[in-house]
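See below for run.txt, which holds compact mmCIF, C-alpha atoms.
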```
# COMPACT_ATOMS: atom_id res chain seq x y z
CA MET F 271 -11.93 -3.07 -14.89
CA ILE F 272 -10.55 -0.91 -12.09
CA GLN F 273 -6.75 -0.92 -11.84
CA VAL F 274 -5.27 -1.08 -8.32
CA THR F 275 -1.49 -0.80 -8.12
CA LEU F 276 0.42 -1.44 -4.92
CA ILE F 277 4.01 -0.22 -4.92
CA THR F 278 6.11 -1.67 -2.14
CA VAL F 279 9.73 -1.30 -1.14
CA GLY F 280 11.41 -4.53 -0.12
CA ASN F 281 10.76 -8.19 -0.83
CA LEU F 282 8.72 -10.67 1.15
CA LYS F 283 11.27 -13.15 2.44
CA GLU F 284 8.95 -15.48 4.33
CA GLU F 285 6.70 -17.86 2.42
CA TYR F 286 3.71 -17.26 4.71
CA TRP F 287 3.66 -13.54 3.76
CA ARG F 288 3.89 -14.43 0.05
CA GLN F 289 1.01 -16.89 0.45
CA ALA F 290 -1.17 -14.33 2.23
CA VAL F 291 -0.46 -11.69 -0.44
CA SER F 292 -1.24 -14.20 -3.17
CA GLU F 293 -4.54 -15.11 -1.52
CA TYR F 294 -5.66 -11.47 -1.29
CA GLU F 295 -4.54 -10.78 -4.86
CA LYS F 296 -6.74 -13.66 -5.96
CA ARG F 297 -9.69 -12.39 -3.91
CA LEU F 298 -9.25 -8.81 -5.15
CA SER F 299 -9.24 -9.96 -8.77
CA ALA F 300 -13.02 -10.46 -8.49
CA PHE F 301 -13.37 -6.67 -8.03
CA CYS F 302 -10.37 -5.11 -9.76
CA LYS F 303 -7.13 -5.75 -11.58
CA PRO F 304 -4.50 -5.82 -8.82
CA GLU F 305 -0.84 -5.26 -9.61
CA ILE F 306 1.99 -5.36 -7.08
CA ILE F 307 5.26 -3.67 -7.95
CA GLN F 308 8.12 -4.63 -5.61
CA LEU F 309 11.09 -2.29 -5.59
CA LYS F 310 14.43 -3.08 -4.00
CA GLU F 311 15.11 -1.50 -0.64
CA ALA F 312 18.19 0.71 -0.61
CA ARG F 313 21.13 -0.93 1.13
CA LEU F 314 22.16 0.63 4.40
CA SER F 315 24.92 -0.03 6.92
CA GLU F 316 24.17 -1.87 10.15
CA ASN F 317 23.64 1.38 12.09
CA PRO F 318 22.85 4.00 9.43
CA SER F 319 23.19 7.70 10.12
CA ALA F 320 20.29 10.08 9.52
CA GLY F 321 22.07 11.30 6.38
CA GLU F 322 22.49 7.77 5.06
CA ILE F 323 18.79 7.07 5.66
CA GLN F 324 17.84 10.29 3.85
CA VAL F 325 19.93 9.35 0.81
CA ALA F 326 18.32 5.89 0.77
CA LEU F 327 14.79 7.36 0.98
CA GLU F 328 15.56 9.75 -1.90
CA ASP F 329 16.86 6.86 -4.01
CA GLU F 330 13.73 4.85 -3.26
CA ALA F 331 11.58 7.92 -3.99
CA LYS F 332 12.95 8.21 -7.54
CA ARG F 333 12.03 4.60 -8.25
CA ILE F 334 8.61 4.86 -6.56
CA LEU F 335 7.68 8.01 -8.48
CA ALA F 336 8.78 6.42 -11.76
CA ALA F 337 6.61 3.35 -11.06
CA MET F 338 3.41 5.28 -10.26
CA PRO F 339 0.73 5.01 -12.95
CA PRO F 340 0.30 8.54 -14.36
CA ARG F 341 -3.39 9.27 -13.84
CA SER F 342 -4.17 7.16 -10.81
CA TYR F 343 -5.27 8.46 -7.42
CA ARG F 344 -2.19 8.02 -5.23
CA ILE F 345 -2.20 7.06 -1.55
CA ALA F 346 0.91 6.97 0.66
CA LEU F 347 0.83 4.81 3.76
CA CYS F 348 2.48 6.72 6.57
CA VAL F 349 2.27 7.17 10.31
CA GLU F 350 0.97 10.73 10.11
CA GLY F 351 -1.76 9.79 7.65
CA LYS F 352 -5.50 9.92 8.17
CA GLN F 353 -7.26 6.93 9.71
CA PHE F 354 -10.60 5.67 8.42
CA SER F 355 -13.10 3.05 9.48
CA SER F 356 -13.59 0.29 6.90
CA GLU F 357 -16.90 1.82 5.84
CA ALA F 358 -15.49 5.34 5.53
CA LEU F 359 -12.50 4.10 3.52
CA ALA F 360 -14.84 2.17 1.23
CA LYS F 361 -16.86 5.35 0.59
CA LYS F 362 -13.68 7.35 -0.04
CA LEU F 363 -12.40 4.75 -2.51
CA ASP F 364 -15.78 4.60 -4.24
CA ARG F 365 -15.64 8.37 -4.88
CA VAL F 366 -12.00 8.26 -5.91
CA LEU F 367 -12.48 5.37 -8.32
CA ALA F 368 -15.56 6.98 -9.86
CA GLU F 369 -13.43 10.03 -10.68
CA ASN F 370 -10.07 8.42 -11.47
CA GLY F 371 -10.72 4.78 -12.42
CA SER F 372 -7.41 3.66 -10.97
CA LEU F 373 -5.71 3.64 -7.61
CA CYS F 374 -2.04 3.49 -6.58
CA LEU F 375 -1.01 2.79 -2.99
CA VAL F 376 2.57 3.04 -1.73
CA ILE F 377 4.21 1.26 1.19
CA GLY F 378 7.75 2.40 1.92
CA SER F 379 10.69 0.60 3.45
CA SER F 380 11.24 0.14 7.16
CA TYR F 381 12.40 3.78 7.26
CA GLY F 382 9.21 5.03 5.65
CA LEU F 383 8.77 7.26 2.62
CA SER F 384 10.53 10.35 1.34
CA PRO F 385 8.59 13.60 1.65
CA LYS F 386 8.70 13.74 -2.18
CA VAL F 387 6.57 10.60 -2.39
CA LYS F 388 4.13 11.84 0.24
CA GLU F 389 3.75 15.15 -1.61
CA ALA F 390 3.07 13.32 -4.89
CA CYS F 391 0.12 11.53 -3.29
CA GLN F 392 -3.39 12.91 -2.89
CA LEU F 393 -3.95 11.08 0.40
CA ARG F 394 -1.79 10.01 3.32
CA LEU F 395 -3.30 6.96 4.97
CA SER F 396 -2.55 5.44 8.37
CA VAL F 397 -3.91 1.99 9.10
CA SER F 398 -3.25 2.24 12.82
CA GLU F 399 -1.29 4.11 15.45
CA LEU F 400 0.46 0.82 16.12
CA THR F 401 3.73 0.02 14.35
CA PHE F 402 3.78 -3.01 12.03
CA PRO F 403 6.54 -4.59 9.93
CA HIS F 404 6.20 -3.43 6.33
CA GLN F 405 5.80 -7.06 5.20
CA MET F 406 2.73 -7.38 7.41
CA MET F 407 1.45 -4.00 6.26
CA ARG F 408 1.27 -5.32 2.71
CA VAL F 409 -1.10 -8.08 3.83
CA LEU F 410 -3.11 -5.72 6.07
CA LEU F 411 -3.54 -3.22 3.25
CA LEU F 412 -4.63 -5.87 0.75
CA GLU F 413 -7.14 -7.19 3.28
CA ALA F 414 -8.46 -3.67 3.89
CA LEU F 415 -8.86 -3.15 0.14
CA TYR F 416 -10.65 -6.46 -0.23
CA ARG F 417 -12.95 -5.52 2.66
CA CYS F 418 -13.67 -2.11 1.07
CA PHE F 419 -14.62 -3.68 -2.25
CA GLY F 420 -16.78 -6.20 -0.38
CA ILE F 421 -18.58 -3.37 1.43
CA LEU F 422 -19.16 -1.55 -1.86
CA LYS F 423 -20.47 -4.68 -3.57
CA GLY F 424 -22.57 -5.77 -0.58
CA THR F 425 -20.84 -9.10 0.02
CA LYS F 426 -21.12 -10.89 3.36
CA TYR F 427 -17.36 -10.65 4.08
CA HIS F 428 -17.69 -7.47 6.13
CA LYS F 429 -19.87 -8.11 9.16
```

Would you put the structure from the file into C-alpha cells?
Amino acid sequence: MIQVTLITVGNLKEEYWRQAVSEYEKRLSAFCKPEIIQLKEARLSENPSAGEIQVALEDEAKRILAAMPPRSYRIALCVEGKQFSSEALAKKLDRVLAENGSLCLVIGSSYGLSPKVKEACQLRLSVSELTFPHQMMRVLLLEALYRCFGILKGTKYHK
C-alpha cells in the first residue's frame, strides 16, 4: 500500500482540528497508509527578532529532515510554491507515486520552513495565495489528498 507521510510542526490544540484530521486520516486509509508526524515548534519570545526566528527554523529543519522517509517524494508547503487544480495535483501525484511509491509532505510552523527543508523537497506546493493558520492547513492538505485519491480512483467525492 502507498505510504503517505505528513510532517507537521506544532500540535493541534483545539479538539475540532483533531477531529477533522482524524476523519481525513480514516478516509485516506482506504487509498493509502497515512502517517502524521507532529514535531514540536521551537519556542520563541513574544516578539522574536529575525535572528531568533532563523535559529528556530534551523532547529525545526534538523528535526524535519531527520523525520523524512528516505526514498519518498518530498513536498514542502510554502507560499512561493506552485498551485495546482485538484485534477492537476491528482495527475502529478499519480505520476510521483508510480515512480516513488511513497509521498512525504511538510507543513512548517507559523514562521514557515527553513530553506534547507525546501531544498530537500522535489516540489514546493502552495494551496492558495491566501494565508491560513497552520492548524487549518493540515486539514486542508488532508482533504486535498483525499480528493486527489478520489479523482484517481473515480469516486463520486469530487464533483

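In this comparison, which uses all atoms listed in the file, the residue of F:Gln405, F:Cys302, F:Arg344, F:Pro339 approaching Glu284 (chain F) most closely is F:Gln405.
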
*Hey, can you check how far CA of Val291 (chain F) sits from CA of Val325 (chain F)?*
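Taking CA of Val291 (chain F) and CA of Val325 (chain F), their separation equals 29.3 Å.
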
*Name the closest residue to Leu314 (chain F) among the candidates F:Ser379, F:Cys418, F:Phe354, F:Lys361; distances are taken between atoms, counting all atoms listed in the file.*
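That would be F:Ser379, the residue with the smallest distance to Leu314 (chain F).
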
*Residues near Glu311 (chain F), cut-off 12 Å, only C-alpha atoms, skip fewer than 6 positions along chain, as a list in words*: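 Everything that qualifies: Ile277, Thr278, Val279, Gly280, Asn281, Leu282, Ile323, Val325, Ala326, Leu327, Glu328, Asp329, Glu330, Ala331, Arg333, Ile334, Ile377, Gly378, Ser379, Ser380, Tyr381, Gly382, Leu383 and His404 of chain F.
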
*Considering all atoms listed in the file, state which residue in the set F:Ala358, F:Leu411, F:Leu347, F:Met338 is at the smallest distance from Ser372 (chain F).*
F:Met338

*Atom pair CA of Met406 (chain F) / CA of Ser299 (chain F): separation (Å)*: 20.3 Å

*Skip region 407-410 of chain F itself and residues of its chain fewer than 5 positions away, then list as a PyMOL selection string all residues within 9 Å of it, counting all atoms listed in the file.*
chain F and resi 276+278+287-288+290-291+294+377+397+402+415

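Shortest separation to Gly371 (chain F) among F:Ala336, F:Lys283, F:Lys310, F:Ser342 occurs at residue F:Ser342, atoms counted being all atoms listed in the file.
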
*Looking at all atoms listed in the file, which of F:Ala320, F:Ala360, F:Leu400, F:Leu393 is the one that sits closest to Gly424 (chain F)?*
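Among the listed residues, F:Ala360 lies closest to Gly424 (chain F).
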
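Closest approach to Pro340 (chain F) among F:Lys303, F:Met271, F:Ser398, F:Leu373 is made by F:Leu373 (distances from only C-alpha atoms).
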
*In Å, how far is it from CA of Ala300 (chain F) to CA of Pro403 (chain F)?*
27.5 Å
